[in-house]
Each structure stands twice: as C-alpha cells, then as structure tokens.
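Participant: The structure's right below; bear with me while I get my questions together.
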Amino acid sequence: MPKKPQKKQPSLPSKLNPFRWLMRHWWRLLIIIAAVIAAYGVYLDAQIVKQFSGNKWQVPAQIFARPMHLELKQEITIKEIVEELELLGYRKVRHADDTGEYQLKATGVRIQRRAFHFPHGQESEISVDITLANGRISSLRNLKNNRALDEIYLEPWLVTRLMSSGREDRMLVNLKGVPPSLIKALVLVEDKDFYQHYGIAPLSILRALIANVSAGRAVQGGSTLTQQLVKNLFLTNEKSLVRKAKEALMALIIDARYSKDEIIEAYLNEVFLGQNGNTGVHGFGLASLFYFDRPIAELNVSEIATLVGIIKGPSYYNPRRHPERVTERRNLVLRILFENNELQRSEYEYAINQPLNLASGASLKSGKHPAFMNLVRRELKTVLADPNMRESGLKVFTTLDSVAQRKAEEAVIAGVAAQQKRMKLTQLQSAMVVTDIKSGEVRSIVGDANPQYQGFNRALDAKRAIGSLIKPTIYLTALERAAQYNLAKPLTDEAIKLKSTYGKMWEPKNADKKFRGQVTLVDALTQSLNVPTVNLGMEVGLDDIASTIRRLGVNEPIDIYPAMTLGAVNFSPMQVNQMYQTIANNGRYIPLHAVTAVLSPKDKPLWKFSARGEQRADLKATYLLNYALHKVTREGTAKQIRKTFGDINMAGKTGTTDDYRDSWFSGFDNNILVTTWMGKDNNEPINLSGATGAMQLFVGYQKLQQPKSLVRRYPKGLGIAHFDEESGALSRPGCANTISVPAILDALPPVPKTCNGEVRGPLKKSLWERLFGN
C-alpha cells in the first residue's frame with residue numbers, strides 16, 4: 001500500500017507572516033476593533049454627556065450699574081436721559097421704530113427700550129414717549145397701547161465681568177434670541193450641508209482634499225460645524241490623524257444625541273471670535289457687544305456678515321487692525337447670502353457699501369472704575385461666601401451711576417492737575433465718594449489721583465484727620481438739647497487753655513488768629529470758628545460727641561480728648577460720607593452700599609439689599625444743622641459755591657487739618673452727597689485749605705452734573721423765632737438788634753410781650769422762610 005504523502009509543514013518565516021494570519025483571522029480582528037471602538041465610543045459619550053448636557057461653560061459674573069429709574073414729576077433733564085441712552089448703546093434716529101433706538105422731540109424723547117430681566121422681574125420691549133416740562137417729567141406713555149405710565153426703568157449698563165481663571169469670556173445667547181439671518185449666513189458659509197449630514201460630511205472632506213492638493217497648500221477645510229464645536233469644546237489644536245479621527249467620532253456621537261438646534265446654539269456660544277486684552281472673546285453674544293456695542297438681536301445684516309467672516313481667522317480678520325481684510329471677507333459672506341436668495345439685490349448692494357461701524361470696544365474693557373469695583377468685591381464677599389459662586393454667571397446689580405462715575409473721574413483728574421500746577425505740588429493725591437442721600441446708594445468712587453489705578457483705594461482705606469468736618473457733629477449734639485441750645489445761642493470766643501494728652505496744655509486758635517469775644521452758634525459753624533466750637537464741645541461733653549458720631553454711622557474707635565473737637569480723629573472718605581449722609585438725610589441713617597441684588601444665571605433671586613432706614617438723630621435738630629450748613633455755602637467758608645451756582649441751593653462743610661496736611665469737603669444738593677479729600681500719602685503739608693483744595697473738586701464735579709437745588713420742608717414743631725443778638729434771649733418780631741432763625745418752637749419760653757417797652761410790627765419773612773418754608 002503506497003504511503004500517503006506527508007503534509008508539508010509551513011516554514012518558520014511563513015508561520016511568522018502577519019499577512020497570512022490576518023487573512024485567516026480577519027473577522028476576529030474586525031470584532032476586536034469594533035469592540036474597542038464601541039468601548040471608546042461609550043467612554044467618549046460619557047464625556048460628551050457630562051459636559052454638553054450640563055454647564056458647558058463657566059460664565060463670568062456680570063456686574064451691572066444701577067438701572068435709570070424714570071417716574072412722573074421726577075426732576076431731570078433731557079440731556080441726562082440722553083447721556084444714559086448713549087452709554088447703553090442706543091442709536092439716535094429720526095423715527096425710533098426698532099429696539100435700541102431713540103429720537104429727540106421738542107419736549108422730550110421717544111425710546112424703543114430693550115427687554116431685560118431686572119431684579120424686580122422680567123420686563124419686555126416697550127416703546128415709550130417721555131415728555132418733560134419745567135425740568136420735570138410731565139408724562140410717560142406706552143405707545144403700543146397708548147396707556148399712561150407712572151414709571152419706567154432703562155436696562156442697566158454692563159460695567160464689567162468678573163473673570164474666572166480660564167481667561168475665556170462669553171455671554172450666552174439662545175437660538176430664539178438671535179437673528180435668523182445669522183443662522184443662515186453661518187450655515188451657508190461654514191457648513192452648507194449642516195442640516196443634512198450626521199456630524200461629518202465625507203464629500204466635503206474629499207472636496208477639501210482635492211482643493212488643497214491642487215493648490216499645494218491648505219486653502220479649504222472640510223470640518224462641519226459639529227466637528228468645529230467638538231474641537232473647541234473637547235480637543236486641542238494638534239494636527240494629527242488620531243485627533244481628527246477622535247473629532248469625527250465625537251461629532252457622530254453629538255449628532256446622534258442632540259438636535260441640530262442644540263448643536264448650533266452651542267456653536268453660537270463657543271466659537272472664538274477675537275481677543276480682548278488677554279481674555280478670549282467667545283460666542284456671538286459677547287462679540288456683538290465687543291465689536292458693535294449692541295445686543296446681537298439689534299445687528300443688521302452687514303454687521304452679522306462681519307462676525308461670520310471673522311470665524312475663518314479672528315487674528316487675520318481682526319476688524320480693528322485689518323479693516324480692509326475683514327471688509328473683503330464680509331462682502332464675500334454677503335455675496336454668498338445673495339447668491340442663495342437670502343438677500344434681495346438692493347439689500348445686498350446697500351450692505352456691501354456700509355462702513356464697518358465698529359465700536360471702540362471700551363464697553364468690555366477690563367479694569368474699569370477700580371475703586372468702585374473694589375467696594376463691590378468686598379460686599380460680595382459678605383453676601384456670597386463661596387468664591388466659586390461669585391464667578392459662576394451671576395448677575396450682580398450695583399448702585400453705580402456710570403455717567404456720574406465718569407464725571408467724578410474727570411473732575412478729580414482736572415482738579416488735581418490744576419492744584420499741582422497752581423501750588424507747584426508733586427504727588428498730590430485725592431479721593432471722592434458720591435452717594436444718593438435718601439437711599440444710601442454709592443453712585444461713584446474715585447480712590448486715586450489716577451482713577452484707573454488699581455492699587456491702594458484711598459476712598460475706602462486712607463484714614464486721615466478730618467479737621468473741621470467733625471464740627472457738625474458737635475453742633476448737632478448741642479441742638480438736640482433744644483431747651484439749652486438754638487442757632488442764636490451766644491458762644492464764647494476768647495483765648496482758652498486746655499489740658500490735653502499727657503498733661504500738655506492746648507491753646508486752640510481760630511484760623512485768622514482773631515477772637516471775637518462772642519458769636520452766635522450759627523455764625524460759629526458758618527465761619528468754622530475753632531475756639532467757640534471747642535467751648536461748645538467741652539460743654540456738651542466729649543463722650544456725647546463720640547456717641548453722636550457713632551449714631552451717624554461711623555464705628556471707628558475714637559480717642560476722647562479735647563483736640564477731637566477740631567477733628568483730631570482719623571476717618572476715611574467713605575466713613576465721612578456715611579456720617580454726612582445721615583445728616584443730609586434729616587438724621588435718618590441707612591448704610592452706604594454698592595450691591596443691591598444678586599440673581600442666579602437663570603434669573604432666580606439669590607440676595608437683595610433690605611436694610612431699612614433708622615432715625616438716629618432728632619429730625620428738627622438735623623434741620624437746624626442743615627440750615628447752618630446751607631449758610632456755609634452762602635456766606636461762610638464755602639461761599640464760592642453760591643458765587644458759582646447762583647440760585648441753586650446747596651449745603652456743605654469745609655475741613656482743614658494742622659499745617660494744611662489734609663483738605664476736605666462734604667457737600668450736598670437735593671439728591672446727592674459728595675465727599676472729597678486731597679493730601680499726600682507721606683502726610684506732608686499741601687498748603688490747601690478745605691475751600692481752596694477739596695471743595696474745588698466738588699465744584700468741578702457739580703459743574704459737570706445737573707445739580708438739583710436743595711429743598712427741605714419744615715418738620716412739624718419748627719418755625720422762625722427771633723432772638724436778641726447780644727444775649728440770645730427770645731425776642732418779639734420787629735424788635736431792634738434781633739436775628740431771625742429757624743428754631744424748635746416748643747422748646748422756647750413764651751414770646752415776650754414787649755421789647756424795651758415798645759411793641760413793633762411783625763418782621764417780614766426771611767429769605768430762608770421764602771425759600772424753604774411752608
């Protein structure tokens with residue numbers, strides 16, 4: 001029987017041949033590869049869901065200024081309203097028909113106000129007609145339904161955004177809030193088949209490959225919008241086949257999991273569109289403000305085409321550096337819209353002939369108003385203890401009056417420069433605090449002679465001797481004892497010696513080195529006389545004066561010794577402003593504050609300022625004090641104010657410290673209180689009194705403003721009384737050598753029936769009675 005031929009054993013090289021193995025086991029390999037890809041897909045899917053379905057971005061907290069509140073009978077000018085509208089980016093037109101526009105009329109202004117979610121709730125767009133008469137709002141009318149309104153708010157200005165460590169900035173938009181033309185332009189230019197493909201477009205990739213090979217360089221990309229979103233959200237800019245494969249797989253997963261609307265909305269918020277300093281500008285919502293200073297919904301087709309054009313290369317097509325490049329790119333986008341029947345020929349021709357109309361970009365400049373923002377950050381630390389929450393897309397509403405802040409900064413810059421030139425000074429420093437009297441809201445803060453300086457904040461932290469600014473607290477302490485003191489009370493003005501600290505003798509003197517023998521209480525304050533003030537302070541008691549200062553809102557420790565009566569206490573401008581705010585507010589204390597409300601990213605209320613006012617000083621005594629402070633600006637140490645502003649009544653007090661080291665002024669009109677300080681950080685003399693130094697900043701600021709004349713009604717129980725000039729005794733109207741001043745009537749003795757045995761007729765009404773009486 002013949003032997004079977006033996007099978008030839010494969011050689012060792014044949015056994016090791018990988019291609020032979022692949023040929024025999026290809027199906028097993030496919031299963032393994034599929035399993036690996038599936039497992040990797042599951043891993044990627046988990047990553048995508050975690051970020052895409054949650055908070056995709058850490059959005060900075062938005063810090064808003066106060067919304068302008070307009071109500072019937074409010075004292076305001078058209079100029080003030082227009083200044084606010086210009087700040088908010090409203091466009092002046094002949095006929096205000098679209099949101100974000102306004103038109104001037106002979107008697108007022110018509111505004112197409114934007115929708116906004118205020119702390120008190122959502123308010124929709126509204127067309128409102130504002131009419132003014134005699135410097136006040138006489139009517140507010142909703143033009144849509146022709147109904148009269150009692151009040152209206154303008155949306156607040158976005159001051160700044162508290163950046164996180166990621167150095168990315170964006171303002172989220174939703175698909176319903178963007179113009180349809182933006183979506184059409186974006187899809188036509190970046191991904192024409194977006195609504196047809198499944199996340200990747202093989203034909204587009206092939207076309208791009210052929211174009212690039214033909215050109216010998218990269219001239220065309222094949223990535224879909226979904227792939228671009230994946231790269232921006234999840235991947236780096238590394239150029240490799242592995243990264244490209246990962247990008248494609250993730251694009252497929254996202255397209256399968258989410259709708260086209262969700263994908264394109266995410267793209268609108270993620271895409272990189274420029275650089276604001278060292279911070280990236282991401283998303284169309286923020287880019288619209290950065291380049292055009294308007295919300296995305298108010299952009300025209302030419303401006304939308306500009307933003308879409310920038311996507312290709314935000315650096316190469318930077319419109320501020322390369323306007324000719326971006327204009328050419330914009331026109332290409334417009335042509336694509338026209339060729340796809342999204343624009344009429346007339347619309348296309350009009351759009352390509354439009355200038356870029358770029359804004360300055362200052363609205364999103366970081367570091368604005370550093371002194372005020374310093375106060376905001378301090379308050380947020382007490383309001384929101386969690387630092388992560390303070391940077392997580394919150395909406396923080398502040399009391400900042402943006403127009404007033406700019407004017408305060410301008411006044412300080414000009415005022416310091418003028419004084420340094422006039423007095424041949426160097427390194428002169430300054431601070432200013434402006435507050436609303438009734439609400440205690442801080443309107444503006446300047447903390448340095450250079451208002452943009454972001455270091456030491458003198459308005460909050462520089463505690464200096466306040467000099468004569470302390471005097472009103474002494475006179476208030478006395479006037480609250482109505483049975484003992486009134487404005488006509490004679491005070492001694494003669495040389496005195498007092499034992500001060502460490503047993504040393506102190507001999508206070510008046511600024512002019514003269515003694516008058518005796519002066520009335522009101523004249524002593526009006527002329528800021530030192531000696532009568534010291535005598536009065538010692539009479540009412542130093543401890544009681546310290547108590548009055550605390551009641552007015554200053555909790556700083558105070559050393560109790562005689563020199564405190566002339567301001568040997570150290571307060572910051574903010575503390576001084578708090579003290580005078582209570583005085584100007586008729587003795588009603590309310591804590592000064594910069595933050596009014598905080599909303600969550602979804603507009604849910606998280607915190608609201610709720611402190612109520614508290615009557616801390618006698619109403620009638622405070623009125624008498626304010627009468628004297630008004631006289632300071634008419635005939636006293638601050639009489640320049642009357643010369644400058646004429647019939648606009650104001651009140652205030654100058655302050656000067658030893659050797660002219662510090663110059664102070666606190667003054668107020670009917671609505672606002674301003675505290676100013678000038679000095680040197682090294683405490684060298686500056687040779688400026690309160691009137692020649694700090695008060696000039698107040699005057700400069702009020703010249704830029706529209707000051708409102710001070711009006712204070714008589715409290716019940718107050719009236720004009722007549723006193724003998726020499727003795728201070730109550731007298732009858734019409735008697736010789738008498739003065740007539742407001743007084744607390746029920747604290748006075750009965751009016752004498754005669755004066756020197758003769759009865760005269762009644763006196764005519766005083767100027768104060770005519771201006772401020774009932």
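Simple scheme: letters A, B, ... for chains in structure tokens order, numbers from 1 for residues in each chain, numbers from 1 for ligands in the order shown.
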Please extract the residues of stretch 324-395 of chain A with a backbone DSSP assignment of helix (DSSP H, G or I) and present them as a count of residues only.
Facilitator: 44
Participant: List the spatial neighbours of A:Lys176 as a ChimeraX atom specification - criterion: any atom at most 12 Å away, only C-alpha atoms, same-chain residues fewer than 5 positions off excluded.
Facilitator: /A:182-183,261-262,264-265,268,296-297
Participant: From the options A:Ala465, A:Val711, A:Met250, A:Leu332, which residue's atoms come nearest to A:Arg661, counting only C-alpha atoms?
Facilitator: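 Residue with the minimum atom-to-atom distance to A:Arg661: A:Ala465.
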Participant: I'd like to know which of A:Leu529, A:Ala459, A:Met505, A:Val434 is closest to A:Asp493, using only C-alpha atoms.
Facilitator: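 Selected residue with least distance to A:Asp493: A:Leu529.
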Participant: Measuring between only C-alpha atoms, which one of A:Glu155, A:Val595, A:Gln344, A:Phe284 shows the shortest distance to A:Arg377?
Facilitator: A:Val595
Participant: What's around A:Tyr348 at 8 Å? Count only C-alpha atoms, leave out sequence neighbours fewer than 3 positions away in its own chain, and write the answer as a list in words.
Facilitator: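 Contacts, in chain order: Leu334, Arg335, Phe338, Leu343, Gln344, Arg345, Ala351 and Ile352 of chain A.
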Participant: How would the residues just chosen look if you wrote them out with N, CA and C atoms as a compact mmCIF listing (two decimals), in the first residue's frame?
Facilitator:
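The resulting part38.txt:
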# COMPACT_ATOMS: atom_id res chain seq x y z
N LEU A 334 -21.68 88.28 2.34
CA LEU A 334 -22.90 88.90 1.79
C LEU A 334 -23.21 88.36 0.39
N ARG A 335 -22.16 88.13 -0.41
CA ARG A 335 -22.39 87.61 -1.76
C ARG A 335 -22.96 86.20 -1.70
N PHE A 338 -26.55 86.50 -0.96
CA PHE A 338 -27.27 86.97 -2.15
C PHE A 338 -27.44 85.84 -3.17
N LEU A 343 -30.80 87.41 0.25
CA LEU A 343 -30.82 88.87 0.17
C LEU A 343 -31.32 89.30 -1.19
N GLN A 344 -32.13 90.35 -1.21
CA GLN A 344 -32.51 90.97 -2.47
C GLN A 344 -31.31 91.77 -3.00
N ARG A 345 -31.30 92.02 -4.30
CA ARG A 345 -30.17 92.76 -4.88
C ARG A 345 -29.99 94.11 -4.21
N ALA A 351 -25.79 96.74 1.63
CA ALA A 351 -24.97 96.17 2.71
C ALA A 351 -23.48 96.24 2.39
N ILE A 352 -23.09 95.95 1.16
CA ILE A 352 -21.65 95.92 0.85
C ILE A 352 -21.06 97.33 0.82
Participant: Neighbours of stretch 72-84 of chain A within 12 Å (only C-alpha atoms; same-chain residues fewer than 3 positions away dropped), as a VMD selection string?
Facilitator: chain A and resid 65 to 69 87 to 92 101 to 111 130 to 141 148 to 157 401 to 404 406 to 407 670 to 671 704 to 709
Participant: Name the residues in contact with A:Gln454 at a cut-off of 12 Å, using only C-alpha atoms, excluding same-chain residues fewer than 4 positions from it; report them as a ChimeraX atom specification.
Facilitator: /A:366-374,446-450,458
Participant: In Å, with one decimal, what is the gap from atom CA of A:Ile63 to atom CA of A:Arg294?
Facilitator: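 Separation between atom CA of A:Ile63 and atom CA of A:Arg294: 16.9 Å.
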Participant: I'd like the interatomic distance between atom CA of A:His722 and atom CA of A:Tyr627, to a tenth of an Å.
Facilitator: 15.5 Å
Participant: Any idea what's packed within 9 Å of A:Tyr623, counting only C-alpha atoms, ignoring anything in its chain fewer than 3 positions away? Could you give it as a PyMOL selection string?
Facilitator: chain A and resi 583-584+586-587+618-620+626-628+712-715+718+742
Participant: Between atom CA of A:Leu566 and atom CA of A:Ile549, what is the spacing in Å?
Facilitator: 13.6 Å
Participant: Measuring atom to atom with only C-alpha atoms, identify which of A:Val674, A:Ile126, A:Ile263, A:Ile31 is nearest to A:Ser444.
Facilitator: A:Val674
